[in-house]
Structures are given as C-alpha cells and as structure tokens.
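J.: Here it is, the structure in full.
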Amino acid sequence: MTSRLGKPDTPTDEALRSRLNESGTRHFVMIAGAGSGKTTSLIKALNYLKQSRGNQMHQAGQKVACITYTEVAVEEISGDVGHDPLFHVSTIHSFLWSIIKPFQSDLHDWVRNRLLEKISDAQTKIDKPRTRDATRAKERENIERYKRQLEDIKSVNHFTYSTGSDYANGVLGHSDILKLGPSLITEHALMRTVVAQRFPVIFVDESQDTIPDFVNALKVLAANVSKAFCLGFFGDPLQKIYMTGIGDITLDENWELIRKPENFRCPITVLDIINKIRAEGDGLHQTRGRMVDIDGQLTSVQGTARLFILPADDLRAERLQGVRDWLSHNNDDPLWLSDEDDGDVKMLVIVHRIAASRLGFPNLYSALNDRSPDNLSTGIIDGTAWIVRPFLRYILPLIHAHRRGDEFQVIKLLRQYCPRLDPERLIAQDIPTELALIKTHVASMDELLTAEGDANIGDVITFLADNELAELDERFEAVITDYARGILVVENAVENSPLRYMQCKAKELWGYQTYIENQSPFSTQQGIKGAEFDRVLVVIDDEESTATSFSYGKYLGLTALSDTDEKNIANGRDSVIDRTRRLFYVCCSRAVKDLAVVVFCNDIETTQQIITDKGYFLPEDIHCLDI
C-alpha cells in the first residue's frame, strides 16, 4: 500500500468503513468532488477490506473487484494496493471479459444474433427511399460480408478478445464486450451467481463516466444475489464529461449516499469559483482548499483566478501568448512562459484545431472532426476512437521502442497485439524465422512513419492488414477497400470521414500522440479529468468549435438557447448548459496555484458585462487586454 494510507481520515472515510462493516445491505454511492481525494478514500476502503476480510476471502478463492475507466488508472490503483492478489483491478472491458469468457456457448449465440441484427439494420438502410445509391451498394457489400461471417463462425470453437472484432477468426472487440457482458449479467441468473461468488465486493471508480448498461447490470446483480455481496460506486456527476456516461446514479432501496466535500487541491480563489459553478449543479459545497505547512502551521493557499476577454480574430495564438506574458509579469512568475515540465503550465482548449495546427496534425483532426460521425468526433478528443486506437496503443509505442533499440519492449508489444505471435499459431511455425520476418516488417513501418516521409495513414493500415501485424476492428475492412480504389476527391458526407483520415499523412500521427498523451502545454478540456497543474489556462472559443455538445456562449448567457435547448431544460434532460457547466467545473478545478480563463468573442464590452453579472470572477479579476 502507498502513502495514501498515511493521510488523515476524513469523516467520509469513517462513514465508508462503517458502511462496509454493516451486516445488512452495504451498497453505496460516494460523490466526491474534484480534488477531494476520492482515490485515497478508495484505497483506504480496499485496505480496510484486506484487514477485515482478506484471509477469509483468500481461503474462499475470492477477490475484491475494482473497476476503473482507463489503463492508466488501473496501473495507479494497482500500484497503490501493492499489486496485492486479493484485488482484481481492471478496466470495464477486461473485467467483463474475465467473467464472460467461460460461457463460450453464450458468446457463440450472441455473435450469431449480432450478425443477424447487422444484416437486418443494413437491409433497413437499403429499403429507405432517401438512401443514396452509393450507400445502398456499400450496405449490400456489408450484408454479403455478414453472411460469410455467419458461415465462418460455425467452425469457431473458442472466442478470444482483442481491440477489434474479427468474428470469422473467433475474435471479439471492445464494443462487443460492452454490449455482450451487461446482457449476460442481466439475463442469466447463473452468471450473476458466479460473479457474486467470485467477487463478493465490487467497486466502480469514475462511476459517472461508466456506461448505463453496465451500471444497470451491476444493480440487477446486487438486487438478485446474497446480501453478503457489496456494490459501491465512486464518482462525481459534475465531472461527467463523456456523452456515453451515466452521470448521476440513482439510489435503490436501502442504498446509502456518502458525500465527500473536501477539496485538497485548489487555492481559495479557485475554490470560490468552482463552488459558484457547482451551486448551479448538485449544490455540493466544497470545503478546506489547498493548504501548506509554514513553520509547523497549516496555512491556506490564496492563489489567483483571472478571466481575460480578447477579440476573436486571426491572432488567437499570439493573443494567448500575450496572456501568458501578462501573467508572468503580474504574478512575478517566469514559469508562466515555460513549455517544459518545470513550468507545469497547461492550456486547456475545446477548440482542438488550435492545438492540432500548432502540433502538426491539422488534417487528421479535420478528417475526424469536421462532418464526421459522433463516435469519431468525440473519440478523437480522448483517443478512444476505433480508428486511432491501434496507433496509440500499439503501433506508435512499438516504433518508439524500435527506434531506441528497446528489444524487450518491442517483443512485449508484439506478443500482446500481433496475431502472428499467438501461441497456438506459433506451434506450426519456425519461430526464429517468423520473428525475423516480423522484425523486418517493423523496420518497414518505421520507414512509413518517418517525420520526413510521404506515406499516408492508409498505407500504414493497409500494411498492417496485409501482413497480419494487428487485430484490426472490422470497420477497417471497408475503408481499406475504399482507400485501395484510389479515390482522391471525397464527397462532403459524414460516412467518408474514415477515408479522409486514411488519406492524411502518417507523420501527423506523432503530433496527435503528443497531444493525447499530454506531452505538450496543450490539452483537451475533456481529457484532463483527474489531473492537476500549477498553472491552468482555459481557452473559451465557441466561434471555431464545431462541437454542438458544448457551448460556452449558451452557458455564460452570451448566445441564445435554441428551441431544442429550451425543451431539454424544461423536460429535465441533459442539456448543452449542463454539459458545458460540467466541463467548465472540471477545467477550473485542475488549478493548484493559478487559474486563468481566456474568452474569445466579437463584442468585448457586452461580454464583459454579462460575465461580470454572472459572478464567477470578481470584477477586478476580469481583464480586457489589447494584446
């Protein structure tokens, strides 16, 4: 266990231990605001279970499941608990696969029904009078492919799990697991019994961003197994960023709501702002604020929080630099000008085009954001889009390792992701010869991905497919075919977004990786939940944003609401106001020392008045700069 255990208990930690120690229903939902130490409370709860029930669970062959949102979070929590075998720490996908993979017959039935459903959906598109001829032709091709897969799966004896699906070869992808797992838990009593016996305690971290189907399946599980089972959700509805997340989790009968109001991160000035933002949401008032030890006395950190109103013109990048110059001078803090780690400056943009242009991936961003499906325009923000995932998780790390001569990491990545190194497949191979050939392919990919190269992303994807170097999502099959046809002029249709992406230069992937992995001063407003930085600069610029899910103009009262917005608000549905409020709260609550918000607008005087009336920032901290 880590030093988190040495931190003083809060009333929330004590309430949680009390809940875990009860003899009846022990299910709970913890709401922990930004900077509250939610992970600390989670680790303390895990340690309490180890001390109170660890030996008993070990003898029964049981584990505590801790499910979180990302692989990074998995590593963090696993390290915090000392990689103790009592705890099964995993992502949702990995957890679901661990419990459903023994049910191979059910997996086979699900895949068959899934393919029949896809055939039906494709036929429905064909039958619609307004469907374009090109779309009809593509859907007919899809139907034929699905029918071939229906025949192929008859010979599949065992399904496995990888990034992308390949039913014909018995491979289920990420999206399959998210549909299949909750379905089996909900519909099969035996599955619920097996899960509860194996994992008598299940904690779900970042519950607000967990998909509703999974949450509902776990609640069905909790309602239909022994009272010895305990289900706990740790999260914060006001930090729900992703559209697919459930947000607030309703309490079932005899469940307990546990609130954690403390904030240990933000200085007083920033804490005041995020409490004003939160007052319009769930009303949780956060307390304490960041403190430092001065001569043995804990003292509150004051910090700074300012808002700058600037003209929305073609000089945005220069004006942002001017704000950093101003902050450096007025705060007497040269680190505001640093792009290195020691400056700990993070510029949070919702207009990702600024960062894309600065970091060298403008075409890639445009292809997946402009006139593109929601799953791509949303997925490019956090790197979860199916079309970029193979590069971020596998190919770019592989080439990095190859270039620095790290053979151990090269082999590790190939064993994890390259289907040619599947143990069953290697039985019939000359292993040294196969490894030598794969290493040659890696060197070829290195050439395709050079910063000076002229290869397209489609060339790399095609190379991966032709040489079976990666398990690719089945959606790549159609786009590889389209790319091979050499179509140069792409119609302005949403479905052509993947093809536009394939026609982008492969070297743009490096800048995109730098952005996604937070290796630059820029970051997405949606991608920094859980992080903290000394100096935070939030950029608000609706004019250049194509995202309709968020609108600072509407949230701040600078732009009129649409009829749809009004209806959503009146009917209590999640609205653009709710989504933007949550985003703004997450951004502002990242600041450990100083917060600056930049608003680009066309009418500076009116904007200043409206923002002053909003009351988030003190009037003396609102600046209209001519820089």
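Ordered as shown in the structure tokens, chains take letters A, B, and onward, while each chain numbers its residues from 1 and ligands are numbered from 1 in the order shown.
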List the neighbours of range 579-594 of chain A out to 8 Å using only C-alpha atoms; skip same-chain residues closer than 6 positions along the sequence, and give me the result as an MDAnalysis selection string.
T.: chainID A and resid 34:35 238:241 265:267 270:271 273:274 277:278 281 290 301 303:305 348 525:526 528:536 538 549:552 555
J.: Please provide as a list in words all residues within 9 Å of Trp386 in chain A, with the sequence filter that same-chain residues fewer than 6 positions apart are discarded (counting only C-alpha atoms).
T.: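 Counting only C-alpha atoms, the residues come to Thr163, Gly164, Asn375, Leu376, Gly379, Asp473 and Arg475 of chain A.
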J.: Keeping C-alpha atoms, export the residues of the selection given above as a tab-separated table (two decimals), in the first residue's frame.
T.:
```tsv
chain	number	residue	atom	x	y	z
A	163	THR	CA	-9.04	-4.49	-29.63
A	164	GLY	CA	-11.08	-5.02	-32.79
A	375	ASN	CA	-18.17	8.40	-32.33
A	376	LEU	CA	-15.17	9.77	-34.25
A	379	GLY	CA	-13.34	9.71	-29.77
A	473	ASP	CA	-11.53	-3.51	-35.94
A	475	ARG	CA	-14.79	-1.44	-39.65
```
J.: Interatomic distance between CA of Pro432 in chain A and CA of Asp459 in chain A?
T.: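 One can read the CA of Pro432 in chain A to CA of Asp459 in chain A distance as 27.2 Å.
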J.: Residues of range 87-266 of chain A classed as strand (DSSP E or B) by DSSP on the backbone are to be reported as number ranges by chain.
T.: A: 87-91, 160-161, 166, 171-172, 201-204, 230-235, 256-260, 262-263
J.: Report, in Å with one decimal, the straight-line distance from CA of Asp603 in chain A to CA of Phe308 in chain A.
T.: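 So the two atoms, CA of Asp603 in chain A and CA of Phe308 in chain A, lie 13.3 Å apart.
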J.: List as JSON, numbers by chain the protein and nucleic acid residues near range 46-55 of chain A, meaning an atom at most 9 Å away when only C-alpha atoms are counted, but skip any in the same chain fewer than 5 places from it.
T.: {"A": [1, 5, 17, 20, 21, 41, 60, 63, 64, 66, 81, 86, 87]}
J.: Given the choices A:Ile309, A:Val72, A:Leu469, A:Leu426, which gets closest to Thr606 in chain A if the distance is worked out from only C-alpha atoms?
T.: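 Smallest separation from Thr606 in chain A among the options: A:Ile309.
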